[in-house]
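Read the structure below first, then the notes.
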Amino acid sequence: PIDVAKNAWVANARSQLHIVSVGRLVNFKAYNLGAPRIVAALRERGVPVTWDIYGAGPLLGEIEEEIERFQVNDAVHLKGELAYTDFQTTIASYDIFLGMGTAALEAAMIGLPTICATDSQRDNCYGFVHELPFGNVGEPQSFPPSVGMLELITDFARSDQAVRTKQSAMCRAAAMKYEMGGFIAQLEAIHRQRLNKPSRIFKRTIAWLYRMATESAGIRLLR
């Protein structure tokens with residue numbers, strides 16, 4: 001669960017889109033490696049954008065190489081580590097948060113539209129944080145992620161202030177499910193769903209009865 005925070009984000013209609021990511025620069029957070037290519041593609045589509053990446057870790061050198069490769073030094077910025085006490089006030093001025101885990105939930109909690117990245121994926125995900133099932137903040141599901149981050153960002157960049165405000169409200173509502181009261185309520189709902197499902201013993205008993213009714217010696221003799 002996460003703490004409740006006030007809605008600190010306000011949609012604006014400025015032409016340039018400002019994206020932010022915060023977290024350790026490690027292998028499973030591969031979206032950091034995909035950021036330079038996505039920014040270059042956005043520029044080709046006529047979308048002015050910057051992407052600030054806060055964090056430190058072993059991927060730092062590779063990200064720098066990708067920035068050079070796609071020639072986006074003026075748009076993708078490695079900002080170093082961000083103190084947790086400065087997290088909310090720093091990210092509130094951006095247009096989109098792209099990340100995973102607790103950071104994504106806390107960004108959504110203040111109303112910042114949040115795209116939830118997927119473990120080890122550079123380009124694809126499952127959508128904004130409210131589009132993922134409760135309990136998933138970046139894990140792969142039973143089907144591969146098929147939503148392109150580039151498309152999500154492009155659509156958001158071309159949306160008006162009303163659409164951005166609606167996206168903010170949906171992300172915040174999803175994050176509220178993870179505050180203590182909402183978190184417990186979600187766990188209770190999951191528990192009730194499990195109780196309503198047939199038990200393993202019940203399923204095995206039905207299977208045994210089916211076999212007896214179709215494959216037993218008496219049935220074979222009758223046939």
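Labels used: A, B, ... for chains in the order of the structure tokens, numbers from 1 for residues in each chain, and numbers from 1 for ligands as shown.
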* To do: For stretch 76-90 of chain A, work out the shell of residues within 6 Å, counting only C-alpha atoms and skipping chain neighbours fewer than 4 positions away, then give it as number ranges by chain.
  => A: 50-56, 72
Can you write out as a Markdown table which residues of stretch 100-138 of chain A fall within 7 Å of stretch 145-169 of chain A, alongside each residue's closest atom pair and its distance in Å to one decimal, counting only C-alpha atoms and ordering rows by chain and ascending residue number?
```
| residue | atom | partner | partner_atom | distance |
| --- | --- | --- | --- | --- |
| A:Gly111 | CA | A:Ser168 | CA | 5.0 |
| A:Leu112 | CA | A:Ser168 | CA | 5.7 |
| A:Pro113 | CA | A:Ser168 | CA | 4.8 |
| A:Asp123 | CA | A:Met149 | CA | 5.6 |
| A:Asn124 | CA | A:Gly148 | CA | 4.5 |
| A:Cys125 | CA | A:Pro145 | CA | 4.8 |
| A:Tyr126 | CA | A:Pro145 | CA | 5.3 |
| A:Gly127 | CA | A:Val147 | CA | 6.2 |
```
Based on the selection just made, write all heavy atoms of those residues as a PDB file, in the first residue's frame.
```
ATOM      1  N   GLY A 111      -2.051  12.482  -9.463  1.00  0.00           N
ATOM      2  CA  GLY A 111      -2.800  12.850 -10.653  1.00  0.00           C
ATOM      3  C   GLY A 111      -2.000  12.899 -11.928  1.00  0.00           C
ATOM      4  O   GLY A 111      -2.555  13.217 -12.994  1.00  0.00           O
ATOM      5  N   LEU A 112      -0.721  12.588 -11.889  1.00  0.00           N
ATOM      6  CA  LEU A 112       0.103  12.631 -13.091  1.00  0.00           C
ATOM      7  C   LEU A 112      -0.238  11.442 -13.987  1.00  0.00           C
ATOM      8  O   LEU A 112      -0.150  10.297 -13.556  1.00  0.00           O
ATOM      9  CB  LEU A 112       1.586  12.579 -12.692  1.00  0.00           C
ATOM     10  CG  LEU A 112       2.631  12.632 -13.796  1.00  0.00           C
ATOM     11  CD1 LEU A 112       2.463  13.870 -14.663  1.00  0.00           C
ATOM     12  CD2 LEU A 112       4.037  12.617 -13.191  1.00  0.00           C
ATOM     13  N   PRO A 113      -0.669  11.658 -15.223  1.00  0.00           N
ATOM     14  CA  PRO A 113      -0.953  10.539 -16.131  1.00  0.00           C
ATOM     15  C   PRO A 113       0.250   9.610 -16.211  1.00  0.00           C
ATOM     16  O   PRO A 113       1.363  10.054 -16.508  1.00  0.00           O
ATOM     17  CB  PRO A 113      -1.230  11.237 -17.466  1.00  0.00           C
ATOM     18  CG  PRO A 113      -1.772  12.581 -17.074  1.00  0.00           C
ATOM     19  CD  PRO A 113      -0.974  12.963 -15.850  1.00  0.00           C
ATOM     20  N   ASP A 123       9.774  -1.032 -25.536  1.00  0.00           N
ATOM     21  CA  ASP A 123       8.820  -0.284 -26.355  1.00  0.00           C
ATOM     22  C   ASP A 123       7.356  -0.561 -26.050  1.00  0.00           C
ATOM     23  O   ASP A 123       6.513   0.300 -26.288  1.00  0.00           O
ATOM     24  CB  ASP A 123       9.058  -0.609 -27.838  1.00  0.00           C
ATOM     25  CG  ASP A 123      10.507  -0.365 -28.242  1.00  0.00           C
ATOM     26  OD1 ASP A 123      10.977   0.763 -28.073  1.00  0.00           O
ATOM     27  OD2 ASP A 123      11.145  -1.321 -28.734  1.00  0.00           O
ATOM     28  N   ASN A 124       7.036  -1.746 -25.560  1.00  0.00           N
ATOM     29  CA  ASN A 124       5.640  -2.136 -25.382  1.00  0.00           C
ATOM     30  C   ASN A 124       5.259  -2.252 -23.911  1.00  0.00           C
ATOM     31  O   ASN A 124       6.109  -2.480 -23.044  1.00  0.00           O
ATOM     32  CB  ASN A 124       5.356  -3.466 -26.082  1.00  0.00           C
ATOM     33  CG  ASN A 124       5.431  -3.340 -27.589  1.00  0.00           C
ATOM     34  OD1 ASN A 124       5.158  -2.273 -28.149  1.00  0.00           O
ATOM     35  ND2 ASN A 124       5.810  -4.408 -28.264  1.00  0.00           N
ATOM     36  N   CYS A 125       3.965  -2.112 -23.663  1.00  0.00           N
ATOM     37  CA  CYS A 125       3.454  -2.217 -22.294  1.00  0.00           C
ATOM     38  C   CYS A 125       1.990  -2.617 -22.372  1.00  0.00           C
ATOM     39  O   CYS A 125       1.492  -2.987 -23.436  1.00  0.00           O
ATOM     40  CB  CYS A 125       3.636  -0.893 -21.554  1.00  0.00           C
ATOM     41  SG  CYS A 125       2.664   0.464 -22.271  1.00  0.00           S
ATOM     42  N   TYR A 126       1.286  -2.519 -21.246  1.00  0.00           N
ATOM     43  CA  TYR A 126      -0.140  -2.845 -21.213  1.00  0.00           C
ATOM     44  C   TYR A 126      -1.014  -1.593 -21.135  1.00  0.00           C
ATOM     45  O   TYR A 126      -2.233  -1.706 -21.061  1.00  0.00           O
ATOM     46  CB  TYR A 126      -0.453  -3.766 -20.041  1.00  0.00           C
ATOM     47  CG  TYR A 126       0.208  -5.124 -20.138  1.00  0.00           C
ATOM     48  CD1 TYR A 126       1.302  -5.453 -19.346  1.00  0.00           C
ATOM     49  CD2 TYR A 126      -0.248  -6.089 -21.041  1.00  0.00           C
ATOM     50  CE1 TYR A 126       1.925  -6.690 -19.433  1.00  0.00           C
ATOM     51  CE2 TYR A 126       0.366  -7.330 -21.143  1.00  0.00           C
ATOM     52  CZ  TYR A 126       1.448  -7.626 -20.335  1.00  0.00           C
ATOM     53  OH  TYR A 126       2.071  -8.860 -20.434  1.00  0.00           O
ATOM     54  N   GLY A 127      -0.394  -0.424 -21.123  1.00  0.00           N
ATOM     55  CA  GLY A 127      -1.166   0.808 -21.116  1.00  0.00           C
ATOM     56  C   GLY A 127      -0.916   1.670 -19.893  1.00  0.00           C
ATOM     57  O   GLY A 127       0.089   1.520 -19.183  1.00  0.00           O
TER      58      GLY A 127
END
```
* Can you pull out every residue within 6 Å of A:Ser21, counting only C-alpha atoms, but drop anything in the same chain fewer than 6 positions away, and send it as a ChimeraX atom specification? => /A:53,97-99
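The smallest atom-to-atom distance between A:Trp9 and any of A:Glu188, A:Asp74, A:Glu62, A:Asp95, using only C-alpha atoms, is found for A:Asp95.
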* Run DSSP on the backbone and grab whatever in stretch 18-87 of chain A lands in strand (DSSP E or B); send it over as a ChimeraX atom specification. => /A:18-22,49-54,76-80
Could those selected residues go to a file with C-alpha atoms, as a CSV table (one decimal), in the first residue's frame?
```csv
chain,number,residue,atom,x,y,z
A,18,HIS,CA,7.6,16.7,-21.0
A,19,ILE,CA,8.0,13.1,-19.9
A,20,VAL,CA,9.7,11.9,-16.7
A,21,SER,CA,10.9,8.5,-15.3
A,22,VAL,CA,12.3,7.9,-11.9
A,49,VAL,CA,9.2,16.3,-26.5
A,50,THR,CA,11.7,16.0,-23.7
A,51,TRP,CA,12.3,13.0,-21.5
A,52,ASP,CA,14.1,13.4,-18.1
A,53,ILE,CA,15.4,10.2,-16.5
A,54,TYR,CA,16.1,10.3,-12.8
A,76,VAL,CA,16.7,13.0,-23.3
A,77,HIS,CA,18.4,14.1,-20.1
A,78,LEU,CA,20.0,11.9,-17.4
A,79,LYS,CA,19.3,13.8,-14.2
A,80,GLY,CA,21.0,11.6,-11.6
```
* Interatomic distance, atom CA of A:Leu42 to atom CA of A:Gln121 (Å, one decimal) -> 18.3 Å
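As for atom CA of A:Gly23 and atom CA of A:Ile190, they are spaced 29.4 Å apart.
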* Asked: Which is closest to A:Gly138 among A:Thr205, A:Ala103, A:Ala108, A:Pro58, if we use only C-alpha atoms?
  -> A:Ala103
